[in-house]
Amino acid sequence: MSHALIVDNLVKTYVAGRPPAVDGLSFAMPRGATYGLLGGNGAGKTTTIAMLLGLLVPSSGRITALGHDMEKDRFAALARMNFSSPYIALPHRLSVSENLRVYAHLYNVRQAEARIAELARDLQLEELLDRPAGELSAGQKTRVALAKALINRPELLLLDEPTASLDPDTGDWVRSWLERYRAQTGCAILLASHNMGEVERLCDHVLMLKQGRVVDEGSPGDLVERFGRGDLEEVFLDIARGTRAEAAQ
Amino acid sequence: MTGMHDREAPRNDPSPLLQSARRVWGLVYRHLALYRRSPPRLIELMYWPVLQMIVWGFITAYLAGVQNNLGSVAAGVLLGGVLLWEGALRSQMGFSVSFLEEIWSRNLGHIFVSPLRPGELVAGLATMALLRTLIGVIPAMLLAWFLYSFNIFALGPLMVAFFAALIIMGWAVALGVTSLILRYGAGAETLAWSVLFGITPFAAVFYPVSILPSWLQPVALALPASHIFEGMRAALTHGEVAWGHLGAAYLLDAVWIAAMGWVFMNQFQAARVKGALLNIGE
């Protein structure tokens, strides 16, 4: 099977002698799949995503993204992937179209203006193109960040809490849009989120992280069934609070 | 909806060099768009060089009035020094502040996860530094010509060569400053404004290296700027072309750029190991 992402025994230790932030993480994500990375604060999600994006060098282990070794050939992979996070802004003074144009150049997108127009139409940004990014609402900013993340037609998309701070209606719109996008493009999506409903809805497979390790994984339905719980949120709480054994019995 | 079904038709990708140039242009475009939308930033670029020129212009006018012959020489040397040194200052600040703009706008994460290589980042920042320098210094040069009849480029291509060497020195110092920002985060940002001012006493901007204590002279002569200003004074006062100083300036520029480039690349890699790129704004 062709994989979008192969992570092999990934370890990251920030300070020698302290426990690693990520400890032996391994998984293989097929092309076209949506994987969820779940865990409480400090579980290692941000560190993992940073290593997947080449922002952080692993202490050991190997990442292969779209067939490229991320340590030796990360720029070839980065040109075919993209990333969105509400915690990383786009320049506030630049208009939406200027921001998208910047990233069209950075990703060497051909026919950039046509691509921007296409994304503006799809993500309902046409009326916002001339407005400074800093003047947009949270929902509008999320749509612009998505447009930036899709500017290069990524084959692998990393999303860090894509619907954080959005109202339920806008959050639902974004989730629906991502579902349609994946179905139509075959783009693989790795999603880090604290919204369990979102993960249940979008993800084929979930990796439960705790203290840098995968403590359980499977499809959302499998996990819920295995833990004998009503939904993924209860499974998450079992794992986070260490009540997994009792729950699983 | 956009998707793989409407992917672009297979085509020959542009050469790697053209792709690289386009990424550099992307970064430059980002900053040009910022200045287009922020007139105060644009005015600030011109403000200090013009103010410096006005103050030093009046000082030289006063000196010329006190003692005619000496004053005329001093006028040329001082105004030339001010204008050329502003070139180095604006070049260094232009590079460092353009990098800081990415931190201030919390955009650096997006830049670092794009295919932009570190060398292209440096090329984009250096281009912005050059543009910012020209925007800042050209009005001051015009003012010097208009108010004090002082045309620094009357000496021809030699002055252009000196000016270019100072801009390159500004890039080298800025690479060092940016490395410190990568190492210590935005807490090191005050260096972006102050570091070249600290070098001024040893850079022979307004007086020759021979004025400095003998133990300090080797330090001064290790700076490209000292050779540039010695060369400028030789040209302005004696009409000589100081090829030795010009050559030394460019040689030292090459050494400084290579050394600071090495420091930058090492610091960038160290930041990737330590995770400093994740919280550089703090």
# chains A, B, ... in the order shown; residues from 1 in each chain; ligands from 1
>>> closest_atom_pairs(of="chain A", to="chain B", cutoff="7 Å", atoms="only C-alpha atoms", output="CSV")
residue,atom,partner,partner_atom,distance
A:Tyr14,CA,B:Lys274,CA,6.3
A:Leu53,CA,B:Val113,CA,5.9
A:Gly54,CA,B:Val113,CA,6.9
A:Leu55,CA,B:Arg272,CA,5.7
A:Leu56,CA,B:Arg272,CA,4.5
A:Val57,CA,B:Val273,CA,4.9
A:Phe75,CA,B:Pro115,CA,5.0
A:Leu78,CA,B:Pro115,CA,5.4
A:Ala79,CA,B:Pro115,CA,5.3
A:Ile88,CA,B:Arg106,CA,5.8
A:Ala89,CA,B:Arg106,CA,5.3
A:Leu90,CA,B:Asn107,CA,5.4
A:Pro91,CA,B:Ser105,CA,5.3
A:His92,CA,B:Ser105,CA,6.8
A:Arg93,CA,B:Leu34,CA,6.4
A:Leu94,CA,B:Leu34,CA,6.0
A:Val102,CA,B:Gly26,CA,4.9
A:Tyr103,CA,B:Gly26,CA,6.9
A:His105,CA,B:Gly26,CA,4.7
A:Leu106,CA,B:Arg23,CA,4.3
A:Tyr107,CA,B:Pro115,CA,6.4
A:Asn108,CA,B:Gln19,CA,6.3
A:Glu118,CA,B:Thr2,CA,6.9
A:Asp122,CA,B:Met1,CA,5.6
A:Tyr181,CA,B:Gly3,CA,6.9
A:Gln184,CA,B:Gly3,CA,5.9
A:Thr185,CA,B:Gly3,CA,4.6
>>> write_last_selection(atoms="N, CA and C atoms", output="PDB file, in the first residue's frame")
ATOM      1  N   TYR A  14      14.165  16.750  24.592  1.00  0.00           N
ATOM      2  CA  TYR A  14      14.629  18.146  24.564  1.00  0.00           C
ATOM      3  C   TYR A  14      15.843  18.333  25.477  1.00  0.00           C
ATOM      4  N   LEU A  53       6.835  18.308  10.211  1.00  0.00           N
ATOM      5  CA  LEU A  53       6.975  19.455   9.317  1.00  0.00           C
ATOM      6  C   LEU A  53       8.427  19.885   9.121  1.00  0.00           C
ATOM      7  N   GLY A  54       9.340  19.221   9.800  1.00  0.00           N
ATOM      8  CA  GLY A  54      10.751  19.579   9.650  1.00  0.00           C
ATOM      9  C   GLY A  54      11.171  20.764  10.500  1.00  0.00           C
ATOM     10  N   LEU A  55      10.281  21.239  11.374  1.00  0.00           N
ATOM     11  CA  LEU A  55      10.635  22.357  12.259  1.00  0.00           C
ATOM     12  C   LEU A  55      11.545  21.901  13.388  1.00  0.00           C
ATOM     13  N   LEU A  56      11.506  20.617  13.655  1.00  0.00           N
ATOM     14  CA  LEU A  56      12.202  20.061  14.803  1.00  0.00           C
ATOM     15  C   LEU A  56      12.908  18.787  14.343  1.00  0.00           C
ATOM     16  N   VAL A  57      14.158  18.636  14.758  1.00  0.00           N
ATOM     17  CA  VAL A  57      14.924  17.450  14.376  1.00  0.00           C
ATOM     18  C   VAL A  57      14.698  16.359  15.426  1.00  0.00           C
ATOM     19  N   PHE A  75      12.707  19.535   1.890  1.00  0.00           N
ATOM     20  CA  PHE A  75      12.094  20.586   1.069  1.00  0.00           C
ATOM     21  C   PHE A  75      11.275  20.000  -0.086  1.00  0.00           C
ATOM     22  N   LEU A  78       8.112  19.137   1.667  1.00  0.00           N
ATOM     23  CA  LEU A  78       7.347  20.327   2.087  1.00  0.00           C
ATOM     24  C   LEU A  78       6.620  20.984   0.916  1.00  0.00           C
ATOM     25  N   ALA A  79       7.198  20.871  -0.288  1.00  0.00           N
ATOM     26  CA  ALA A  79       6.545  21.461  -1.457  1.00  0.00           C
ATOM     27  C   ALA A  79       5.227  20.756  -1.778  1.00  0.00           C
ATOM     28  N   ILE A  88      -0.748  29.888  14.473  1.00  0.00           N
ATOM     29  CA  ILE A  88       0.244  30.571  13.627  1.00  0.00           C
ATOM     30  C   ILE A  88      -0.535  31.474  12.695  1.00  0.00           C
ATOM     31  N   ALA A  89      -0.246  32.764  12.781  1.00  0.00           N
ATOM     32  CA  ALA A  89      -1.050  33.744  12.049  1.00  0.00           C
ATOM     33  C   ALA A  89      -0.496  33.978  10.649  1.00  0.00           C
ATOM     34  N   LEU A  90      -1.298  34.641   9.856  1.00  0.00           N
ATOM     35  CA  LEU A  90      -0.805  35.197   8.603  1.00  0.00           C
ATOM     36  C   LEU A  90      -0.616  36.689   8.842  1.00  0.00           C
ATOM     37  N   PRO A  91       0.302  37.334   8.117  1.00  0.00           N
ATOM     38  CA  PRO A  91       0.543  38.760   8.359  1.00  0.00           C
ATOM     39  C   PRO A  91      -0.756  39.572   8.339  1.00  0.00           C
ATOM     40  N   HIS A  92      -1.012  40.271   9.429  1.00  0.00           N
ATOM     41  CA  HIS A  92      -2.301  40.935   9.614  1.00  0.00           C
ATOM     42  C   HIS A  92      -2.549  42.095   8.665  1.00  0.00           C
ATOM     43  N   ARG A  93      -1.476  42.802   8.316  1.00  0.00           N
ATOM     44  CA  ARG A  93      -1.690  44.004   7.494  1.00  0.00           C
ATOM     45  C   ARG A  93      -1.894  43.674   6.022  1.00  0.00           C
ATOM     46  N   LEU A  94      -1.425  42.515   5.621  1.00  0.00           N
ATOM     47  CA  LEU A  94      -1.595  42.145   4.209  1.00  0.00           C
ATOM     48  C   LEU A  94      -3.035  41.720   3.963  1.00  0.00           C
ATOM     49  N   VAL A 102       1.611  35.529  -1.603  1.00  0.00           N
ATOM     50  CA  VAL A 102       2.925  35.242  -1.004  1.00  0.00           C
ATOM     51  C   VAL A 102       3.163  33.734  -0.991  1.00  0.00           C
ATOM     52  N   TYR A 103       2.159  32.988  -0.508  1.00  0.00           N
ATOM     53  CA  TYR A 103       2.354  31.537  -0.394  1.00  0.00           C
ATOM     54  C   TYR A 103       2.298  30.843  -1.749  1.00  0.00           C
ATOM     55  N   HIS A 105       3.724  32.060  -4.297  1.00  0.00           N
ATOM     56  CA  HIS A 105       5.122  32.182  -4.747  1.00  0.00           C
ATOM     57  C   HIS A 105       6.024  31.220  -3.979  1.00  0.00           C
ATOM     58  N   LEU A 106       5.853  31.155  -2.658  1.00  0.00           N
ATOM     59  CA  LEU A 106       6.739  30.302  -1.854  1.00  0.00           C
ATOM     60  C   LEU A 106       6.604  28.830  -2.251  1.00  0.00           C
ATOM     61  N   TYR A 107       5.389  28.452  -2.696  1.00  0.00           N
ATOM     62  CA  TYR A 107       5.163  27.053  -3.090  1.00  0.00           C
ATOM     63  C   TYR A 107       5.247  26.866  -4.600  1.00  0.00           C
ATOM     64  N   ASN A 108       5.685  27.914  -5.303  1.00  0.00           N
ATOM     65  CA  ASN A 108       5.836  27.834  -6.767  1.00  0.00           C
ATOM     66  C   ASN A 108       4.575  27.340  -7.459  1.00  0.00           C
ATOM     67  N   GLU A 118      -9.908  30.329  -7.511  1.00  0.00           N
ATOM     68  CA  GLU A 118     -10.573  29.032  -7.316  1.00  0.00           C
ATOM     69  C   GLU A 118     -10.811  28.771  -5.823  1.00  0.00           C
ATOM     70  N   ASP A 122     -14.304  28.481  -3.657  1.00  0.00           N
ATOM     71  CA  ASP A 122     -14.620  27.275  -2.884  1.00  0.00           C
ATOM     72  C   ASP A 122     -14.811  27.552  -1.397  1.00  0.00           C
ATOM     73  N   TYR A 181     -13.435  17.710   0.606  1.00  0.00           N
ATOM     74  CA  TYR A 181     -12.126  17.922  -0.023  1.00  0.00           C
ATOM     75  C   TYR A 181     -11.340  16.615  -0.088  1.00  0.00           C
ATOM     76  N   GLN A 184     -12.770  14.186  -2.647  1.00  0.00           N
ATOM     77  CA  GLN A 184     -12.543  14.557  -4.044  1.00  0.00           C
ATOM     78  C   GLN A 184     -11.083  14.515  -4.455  1.00  0.00           C
ATOM     79  N   THR A 185     -10.182  14.762  -3.495  1.00  0.00           N
ATOM     80  CA  THR A 185      -8.770  14.899  -3.889  1.00  0.00           C
ATOM     81  C   THR A 185      -7.914  13.713  -3.495  1.00  0.00           C
TER      82      THR A 185
END
>>> residues_around(residues="Ser85 (chain A)", least_positions_apart="4", cutoff="10 Å", atoms="only C-alpha atoms", output="list of chain:residue names")
A:Ala89, A:Thr142, A:Ala145, A:Leu146, A:Ala149, A:Leu158, A:Leu159, A:Asp160, A:Glu161, A:Pro162, A:Thr163, A:Ala164, A:Ala192, B:Gly109, B:His110
>>> residues_around(residues="Met208 (chain A)", least_positions_apart="5", cutoff="12 Å", atoms="only C-alpha atoms", output="number ranges by chain")
A: 25, 27, 35-40, 43-45, 192-194, 196, 199, 213-220, 223, 232-233, 235-240, 244
>>> closest_residue(among="A:Gly230, A:Pro168, A:Pro154, A:Gly139", to="Asn82 (chain A)", atoms="only C-alpha atoms")
A:Pro154
>>> select_by_dssp(residues="region 173-226 of chain A", states="alpha helix (DSSP H)", output="NGL selection string")
:A and (173-185 or 196-202 or 220-226)
>>> write_last_selection(atoms="N, CA, C and O atoms", output="short mmCIF file (atom, residue, chain, number, x, y, z; two decimals), in the first residue's frame")
data_model
loop_
_atom_site.label_atom_id
_atom_site.label_comp_id
_atom_site.auth_asym_id
_atom_site.auth_seq_id
_atom_site.Cartn_x
_atom_site.Cartn_y
_atom_site.Cartn_z
N TRP A 173 -19.22 23.70 9.30
CA TRP A 173 -18.96 24.04 7.89
C TRP A 173 -17.55 23.60 7.50
O TRP A 173 -17.34 23.00 6.43
N VAL A 174 -16.57 23.88 8.36
CA VAL A 174 -15.18 23.51 8.07
C VAL A 174 -15.05 22.00 7.99
O VAL A 174 -14.40 21.46 7.07
N ARG A 175 -15.68 21.29 8.93
CA ARG A 175 -15.58 19.82 8.92
C ARG A 175 -16.21 19.23 7.65
O ARG A 175 -15.64 18.32 7.03
N SER A 176 -17.34 19.77 7.28
CA SER A 176 -17.99 19.28 6.05
C SER A 176 -17.10 19.54 4.84
O SER A 176 -16.96 18.69 3.95
N TRP A 177 -16.52 20.72 4.85
CA TRP A 177 -15.66 21.09 3.72
C TRP A 177 -14.46 20.14 3.64
O TRP A 177 -14.11 19.67 2.56
N LEU A 178 -13.85 19.84 4.78
CA LEU A 178 -12.69 18.93 4.80
C LEU A 178 -13.09 17.53 4.32
O LEU A 178 -12.33 16.88 3.59
N GLU A 179 -14.27 17.08 4.75
CA GLU A 179 -14.75 15.76 4.30
C GLU A 179 -14.87 15.72 2.78
O GLU A 179 -14.43 14.77 2.12
N ARG A 180 -15.47 16.75 2.22
CA ARG A 180 -15.66 16.79 0.76
C ARG A 180 -14.30 16.89 0.06
O ARG A 180 -14.06 16.22 -0.94
N TYR A 181 -13.44 17.71 0.61
CA TYR A 181 -12.13 17.92 -0.02
C TYR A 181 -11.34 16.61 -0.09
O TYR A 181 -10.78 16.24 -1.11
N ARG A 182 -11.35 15.90 1.02
CA ARG A 182 -10.60 14.64 1.04
C ARG A 182 -11.20 13.64 0.06
O ARG A 182 -10.50 12.94 -0.67
N ALA A 183 -12.54 13.57 0.04
CA ALA A 183 -13.19 12.62 -0.86
C ALA A 183 -12.85 12.92 -2.31
O ALA A 183 -12.68 12.01 -3.13
N GLN A 184 -12.77 14.19 -2.65
CA GLN A 184 -12.54 14.56 -4.04
C GLN A 184 -11.08 14.51 -4.45
O GLN A 184 -10.77 14.33 -5.62
N THR A 185 -10.18 14.76 -3.50
CA THR A 185 -8.77 14.90 -3.89
C THR A 185 -7.91 13.71 -3.50
O THR A 185 -6.84 13.52 -4.05
N MET A 196 -13.44 15.86 20.30
CA MET A 196 -13.62 14.43 20.04
C MET A 196 -14.69 14.15 18.99
O MET A 196 -14.59 13.20 18.21
N GLY A 197 -15.71 14.99 18.98
CA GLY A 197 -16.75 14.82 17.98
C GLY A 197 -16.18 15.00 16.58
O GLY A 197 -16.51 14.25 15.64
N GLU A 198 -15.30 15.97 16.46
CA GLU A 198 -14.65 16.23 15.17
C GLU A 198 -13.81 15.03 14.73
O GLU A 198 -13.84 14.61 13.57
N VAL A 199 -13.06 14.49 15.70
CA VAL A 199 -12.19 13.36 15.38
C VAL A 199 -13.03 12.14 14.98
O VAL A 199 -12.71 11.45 14.01
N GLU A 200 -14.10 11.89 15.72
CA GLU A 200 -14.98 10.75 15.38
C GLU A 200 -15.54 10.90 13.98
O GLU A 200 -15.66 9.93 13.24
N ARG A 201 -15.88 12.12 13.65
CA ARG A 201 -16.51 12.36 12.35
C ARG A 201 -15.52 12.27 11.19
O ARG A 201 -15.83 11.72 10.14
N LEU A 202 -14.31 12.81 11.38
CA LEU A 202 -13.39 12.95 10.26
C LEU A 202 -12.39 11.81 10.11
O LEU A 202 -11.94 11.51 9.01
N PRO A 220 -12.17 5.22 15.37
CA PRO A 220 -12.95 5.74 16.50
C PRO A 220 -13.98 4.73 16.99
O PRO A 220 -14.15 4.52 18.19
N GLY A 221 -14.65 4.05 16.05
CA GLY A 221 -15.66 3.06 16.43
C GLY A 221 -15.06 1.90 17.22
O GLY A 221 -15.61 1.46 18.24
N ASP A 222 -13.89 1.42 16.76
CA ASP A 222 -13.21 0.31 17.45
C ASP A 222 -12.84 0.70 18.88
O ASP A 222 -13.02 -0.08 19.82
N LEU A 223 -12.30 1.90 19.02
CA LEU A 223 -11.87 2.35 20.35
C LEU A 223 -13.05 2.45 21.30
O LEU A 223 -12.98 2.00 22.45
N VAL A 224 -14.12 3.04 20.80
CA VAL A 224 -15.32 3.20 21.64
C VAL A 224 -15.83 1.83 22.07
O VAL A 224 -16.15 1.60 23.24
N GLU A 225 -15.83 0.89 21.13
CA GLU A 225 -16.33 -0.45 21.43
C GLU A 225 -15.40 -1.18 22.42
O GLU A 225 -15.85 -1.80 23.38
N ARG A 226 -14.11 -1.06 22.15
CA ARG A 226 -13.14 -1.76 22.99
C ARG A 226 -13.18 -1.27 24.44
O ARG A 226 -12.99 -2.03 25.37
#
>>> residues_around(residues="Pro118 (chain B)", least_positions_apart="3", cutoff="8 Å", atoms="only C-alpha atoms", output="list in words")
Leu121, Val122 and Met265 of chain B
>>> write_last_selection(atoms="N, CA and C atoms", output="CSV table (one decimal), in the first residue's frame")
chain,number,residue,atom,x,y,z
B,121,LEU,N,15.8,32.4,2.3
B,121,LEU,CA,15.4,33.3,3.3
B,121,LEU,C,16.4,34.4,3.5
B,122,VAL,N,17.7,34.1,3.5
B,122,VAL,CA,18.7,35.1,3.6
B,122,VAL,C,18.7,36.0,2.4
B,265,MET,N,23.7,29.4,9.6
B,265,MET,CA,23.3,28.1,9.3
B,265,MET,C,23.4,27.1,10.5
>>> closest_residue(among="B:Thr133, B:Gln52, B:Thr200, B:Thr178", to="Gly94 (chain B)", atoms="only C-alpha atoms")
B:Thr133
>>> atom_distance(atom1="CA of Ser91 (chain B)", atom2="CA of Gly170 (chain B)")
4.9 Å
